[in-house]
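Asker: To start, I am sharing the structure in question, which I have written as structure tokens.
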Amino acid sequence: MTKAIPRTTYTHYHAGHCESGAVSSLLRNYGFELSEPMAFGITSNIGFVFFPFIKLWGNPLISFRMIPKSIVNGVQKRLGVRFYVKTYEDQQEAMDELDRLLAEGKYVGVQAAVAFLPYFMRGFRIPFNGHMIIVTGKEGDEYIINDPLYDHSTRATSQDLRKARFATGPMAPHGFIFYPVEIPETIEYKKIIKKAIKQVVFMMPQPMFPFYGILGIKTFARKIGRLQKETNKKAVRSFLSHVFVVQEEQGTGGGGFRYMYAAFLREAYDLLKIPGLLEGSKKMLEIGDLYRDAVLSCAKFIQKKTDDIDLVKISHMYRKCAEEEKKLYKMLGRINWN
């Protein structure tokens, strides 16, 4: 292990998703090369959750990846990187420590609530508390923020950042910060990639819990099909709009996470030259397209351009996503790693 030393000048990297992008960008600025797809893939972050009994913004909880912080924690576990991580009860202590770290020249990952980040347009300030950003400096009362979802640095006042770090509700940040302190000198990528893929192959097709993985996608598909008989079009639009936001607007979304996993498999193939990884990458790209086709079939209805929509057909499209993913994981499970 070697000490992680920040670069003199921060290099901004635009990313597809906040946590994978923040972890990748932060490590690269501390001298450890890790792409965003690799950060996402080696932590086995591909997934699917549909909890109709847990409400988020008045609609069921839907997620196409694992929970926030799982990439931060997974990179430590899989790669051996050691992060300094901390949460706070005292807000002033949290802000003071951030100021001290910035004065020392460190770049710091921070969990924040999107609703209180002023550089987001108002329509995008959703009540999501699991957003990950990187704070790279402070000038006067303004913090310099490198948000992976933007292609340039942004700013937030001390008051705004404090509110964002200590928002309440689901996934409350509690001032969470992280930055690397030690990085490994060598990485056994074959061993790590094999373990990461095997975890996904084991978890996603699990046969017992109907709200997670392949079974979760099928449960979600049935929910959409049943809405065909719903006479309250406003409620149907609300649900489908929620699906659209979660899948296509919030970070990389459902299809986007599949594209990112495809990029991970391709990078893994480039490193290891195992043909099954390349085949899996191509298949996951096709699955990402299936997700995108399914949600875009709802677009005219969501925009109130029509009251007619074939939800049974869309249900079948999501069910096809599930079946194709199941085939993919079976294929990945048969890879010869020797």
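Note on naming: chains are A, B, ... as they come in the structure tokens, residues start from 1 per chain, ligands start from 1 in the order shown.
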Need the shell around A:Gly333: protein/DNA/RNA residues with any atom at most 9 Å away, counting only C-alpha atoms. Skip same-chain ones fewer than 5 positions apart. Format as a list in words?
Answerer: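 What passes the distance filter is Ile197, Lys198, Val201, Phe202 and Leu328 of chain A.
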Asker: What would the file look like if the residues just selected were written as an mmCIF file, in the first residue's frame with C-alpha atoms?
Answerer:
```
data_model
loop_
_atom_site.group_PDB
_atom_site.id
_atom_site.type_symbol
_atom_site.label_atom_id
_atom_site.label_comp_id
_atom_site.auth_asym_id
_atom_site.auth_seq_id
_atom_site.Cartn_x
_atom_site.Cartn_y
_atom_site.Cartn_z
ATOM 1 C CA ILE A 197 -19.298 -11.145 -11.773
ATOM 2 C CA LYS A 198 -19.978 -14.302 -9.775
ATOM 3 C CA VAL A 201 -24.662 -14.109 -11.330
ATOM 4 C CA PHE A 202 -25.650 -15.446 -7.901
ATOM 5 C CA LEU A 328 -27.037 -13.211 -19.839
#
```
Asker: Got a sec: who's within 7 Å of A:Pro184, counting only C-alpha atoms, leaving out chain neighbours fewer than 6 positions off, as an mmCIF file with C-alpha atoms, in the first residue's frame?
Answerer:
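Wrote around07.cif, looks like this:
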```
data_model
loop_
_atom_site.group_PDB
_atom_site.id
_atom_site.type_symbol
_atom_site.label_atom_id
_atom_site.label_comp_id
_atom_site.auth_asym_id
_atom_site.auth_seq_id
_atom_site.Cartn_x
_atom_site.Cartn_y
_atom_site.Cartn_z
ATOM 1 C CA MET A 1 0.000 0.000 0.000
ATOM 2 C CA THR A 2 1.149 3.551 -0.696
ATOM 3 C CA GLY A 80 -8.028 -2.759 -1.170
ATOM 4 C CA VAL A 81 -8.210 1.029 -1.451
#
```
Asker: For A:Leu102, please output as a list in words all residues within 9 Å (counting only C-alpha atoms; exclusion window: fewer than 3 positions along the same chain).
Answerer: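 Here the qualifying residues turn out to be Glu97, Leu98, Asp99, Gly105, Lys106, Tyr107, Val108, Val135, Thr136, Gly137 and Lys138 of chain A.
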Asker: How would the residues just picked look written out with C-alpha atoms as a short mmCIF file (atom, residue, chain, number, x, y, z; two decimals), in the first residue's frame?
Answerer:
```
data_model
loop_
_atom_site.label_atom_id
_atom_site.label_comp_id
_atom_site.auth_asym_id
_atom_site.auth_seq_id
_atom_site.Cartn_x
_atom_site.Cartn_y
_atom_site.Cartn_z
CA GLU A 97 -13.46 19.54 9.10
CA LEU A 98 -14.29 19.96 5.41
CA ASP A 99 -12.64 23.40 5.46
CA GLY A 105 -5.05 20.47 -0.42
CA LYS A 106 -7.28 17.40 -0.26
CA TYR A 107 -10.24 16.70 -2.55
CA VAL A 108 -13.21 15.35 -0.64
CA VAL A 135 -15.58 19.36 -3.15
CA THR A 136 -12.22 20.58 -4.40
CA GLY A 137 -11.75 24.03 -2.89
CA LYS A 138 -13.24 27.09 -1.23
#
```
Asker: Set out as a tab-separated table a contact list for stretch 195-242 of chain A and stretch 53-71 of chain A with a cut-off of 10 Å, giving each residue of stretch 195-242 of chain A that qualifies its closest atom pair and distance in Å to one decimal, counting only C-alpha atoms, ordered by chain and rising residue number.
Answerer:
```
residue	atom	partner	partner_atom	distance
A:Phe211	CA	A:Ile62	CA	9.7
A:Tyr212	CA	A:Ser63	CA	9.6
A:Gly213	CA	A:Phe64	CA	9.2
A:Gly216	CA	A:Ile62	CA	9.6
A:Ile217	CA	A:Phe64	CA	9.6
A:Phe220	CA	A:Ile62	CA	8.8
A:Ala235	CA	A:Asn59	CA	9.8
A:Ser238	CA	A:Asn59	CA	8.0
A:Phe239	CA	A:Asn59	CA	6.4
A:Leu240	CA	A:Asn59	CA	9.7
A:Ser241	CA	A:Asn59	CA	9.9
A:His242	CA	A:Asn59	CA	7.0
```
Asker: Take the selection from the previous step and output its residues with N, CA and C atoms, as a PDB file, in the first residue's frame.
Answerer:
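The resulting file, out23.pdb, is shown below:
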```
ATOM      1  N   PHE A 211     -39.152  -9.212  -5.156  1.00  0.00           N
ATOM      2  CA  PHE A 211     -38.990  -7.777  -5.362  1.00  0.00           C
ATOM      3  C   PHE A 211     -37.564  -7.375  -5.729  1.00  0.00           C
ATOM      4  N   TYR A 212     -36.696  -8.377  -5.935  1.00  0.00           N
ATOM      5  CA  TYR A 212     -35.303  -8.092  -6.266  1.00  0.00           C
ATOM      6  C   TYR A 212     -34.866  -8.931  -7.464  1.00  0.00           C
ATOM      7  N   GLY A 213     -33.966  -8.380  -8.264  1.00  0.00           N
ATOM      8  CA  GLY A 213     -33.366  -9.123  -9.355  1.00  0.00           C
ATOM      9  C   GLY A 213     -34.342  -9.431 -10.477  1.00  0.00           C
ATOM     10  N   GLY A 216     -37.839  -9.460  -9.437  1.00  0.00           N
ATOM     11  CA  GLY A 216     -38.285  -8.088  -9.198  1.00  0.00           C
ATOM     12  C   GLY A 216     -38.714  -7.405 -10.484  1.00  0.00           C
ATOM     13  N   ILE A 217     -37.968  -7.622 -11.560  1.00  0.00           N
ATOM     14  CA  ILE A 217     -38.327  -7.036 -12.856  1.00  0.00           C
ATOM     15  C   ILE A 217     -39.672  -7.591 -13.316  1.00  0.00           C
ATOM     16  N   PHE A 220     -42.455  -6.050 -11.289  1.00  0.00           N
ATOM     17  CA  PHE A 220     -42.636  -4.693 -11.806  1.00  0.00           C
ATOM     18  C   PHE A 220     -43.417  -4.712 -13.120  1.00  0.00           C
ATOM     19  N   ALA A 235     -53.403   8.996 -12.027  1.00  0.00           N
ATOM     20  CA  ALA A 235     -52.582   8.119 -11.193  1.00  0.00           C
ATOM     21  C   ALA A 235     -51.635   7.289 -12.052  1.00  0.00           C
ATOM     22  N   SER A 238     -48.834   9.494 -13.194  1.00  0.00           N
ATOM     23  CA  SER A 238     -47.922   9.742 -12.082  1.00  0.00           C
ATOM     24  C   SER A 238     -46.953   8.578 -11.908  1.00  0.00           C
ATOM     25  N   PHE A 239     -47.475   7.355 -11.974  1.00  0.00           N
ATOM     26  CA  PHE A 239     -46.621   6.180 -11.804  1.00  0.00           C
ATOM     27  C   PHE A 239     -45.626   6.053 -12.959  1.00  0.00           C
ATOM     28  N   LEU A 240     -46.115   6.212 -14.192  1.00  0.00           N
ATOM     29  CA  LEU A 240     -45.232   6.060 -15.348  1.00  0.00           C
ATOM     30  C   LEU A 240     -44.208   7.191 -15.431  1.00  0.00           C
ATOM     31  N   SER A 241     -44.594   8.386 -14.998  1.00  0.00           N
ATOM     32  CA  SER A 241     -43.636   9.495 -14.948  1.00  0.00           C
ATOM     33  C   SER A 241     -42.533   9.192 -13.947  1.00  0.00           C
ATOM     34  N   HIS A 242     -42.914   8.594 -12.827  1.00  0.00           N
ATOM     35  CA  HIS A 242     -41.950   8.183 -11.809  1.00  0.00           C
ATOM     36  C   HIS A 242     -40.981   7.150 -12.384  1.00  0.00           C
TER      37      HIS A 242
END
```
Asker: Atom CA of A:Arg226 to atom CA of A:Val200: how many Å, to one decimal?
Answerer: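 So the answer is 29.4 Å.
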Asker: Can you check which residues of stretch 89-248 of chain A DSSP gives as strand (DSSP E) on the backbone and send them as number ranges by chain?
Answerer: A: 108-112, 131-139, 142-146, 154-157, 177-183
Asker: From the DSSP assignment of the backbone, select every residue of stretch 68-306 of chain A that is helix (DSSP H, G or I), and format the answer as a ChimeraX atom specification.
Answerer: /A:70-79,91-103,114-116,122-124,158-165,189-203,213-229,233-249,253-272,275-296,299-302
Asker: So what do you get for atom CA of A:Phe120 versus atom CA of A:Phe301, distance-wise?
Answerer: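 A separation of 26.5 Å between them.
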Asker: I want to know what sits within 6 Å of stretch 272-283 of chain A, based on only C-alpha atoms, with residues of the same chain fewer than 6 positions away left out; could you give that as a PyMOL selection string?
Answerer: chain A and resi 262+265-266+335
Asker: So that I can check the surroundings of A:Gln76, please list as a list in words every protein, DNA and RNA residue that reaches within 12 Å of it, counting only C-alpha atoms and ignoring chain neighbours fewer than 3 positions away.
Answerer: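 Contacts, in chain order: Val23, Leu27, Ala39, Ile42, Thr43, Lys69, Ser70, Ile71, Val72, Asn73, Leu79, Gly80, Val81, Arg82, Phe83, Tyr84, Val85, Phe178, Tyr179, Pro180, Val181, Glu182, Ile183, Pro184 and Ile192 of chain A.
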Asker: As an exercise, work out the distance from atom CA of A:Pro173 to atom CA of A:Glu93 in Å and give it to one decimal place.
Answerer: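 Here the two named atoms are 14.6 Å from each other.
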Asker: For a quick check of understanding, using only C-alpha atoms, which of A:Lys3, A:Lys86, A:Lys163, A:Arg222 has the smallest distance to A:Ile177?
Answerer: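 Among the listed residues, the smallest separation from A:Ile177 belongs to A:Lys86.
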Asker: Contacts of A:Leu117 at 8 Å or less, counting only C-alpha atoms, minus same-chain residues fewer than 2 places along, as an MDAnalysis selection string?
Answerer: chainID A and resid 112:115 119:120 125 156 160:161 164
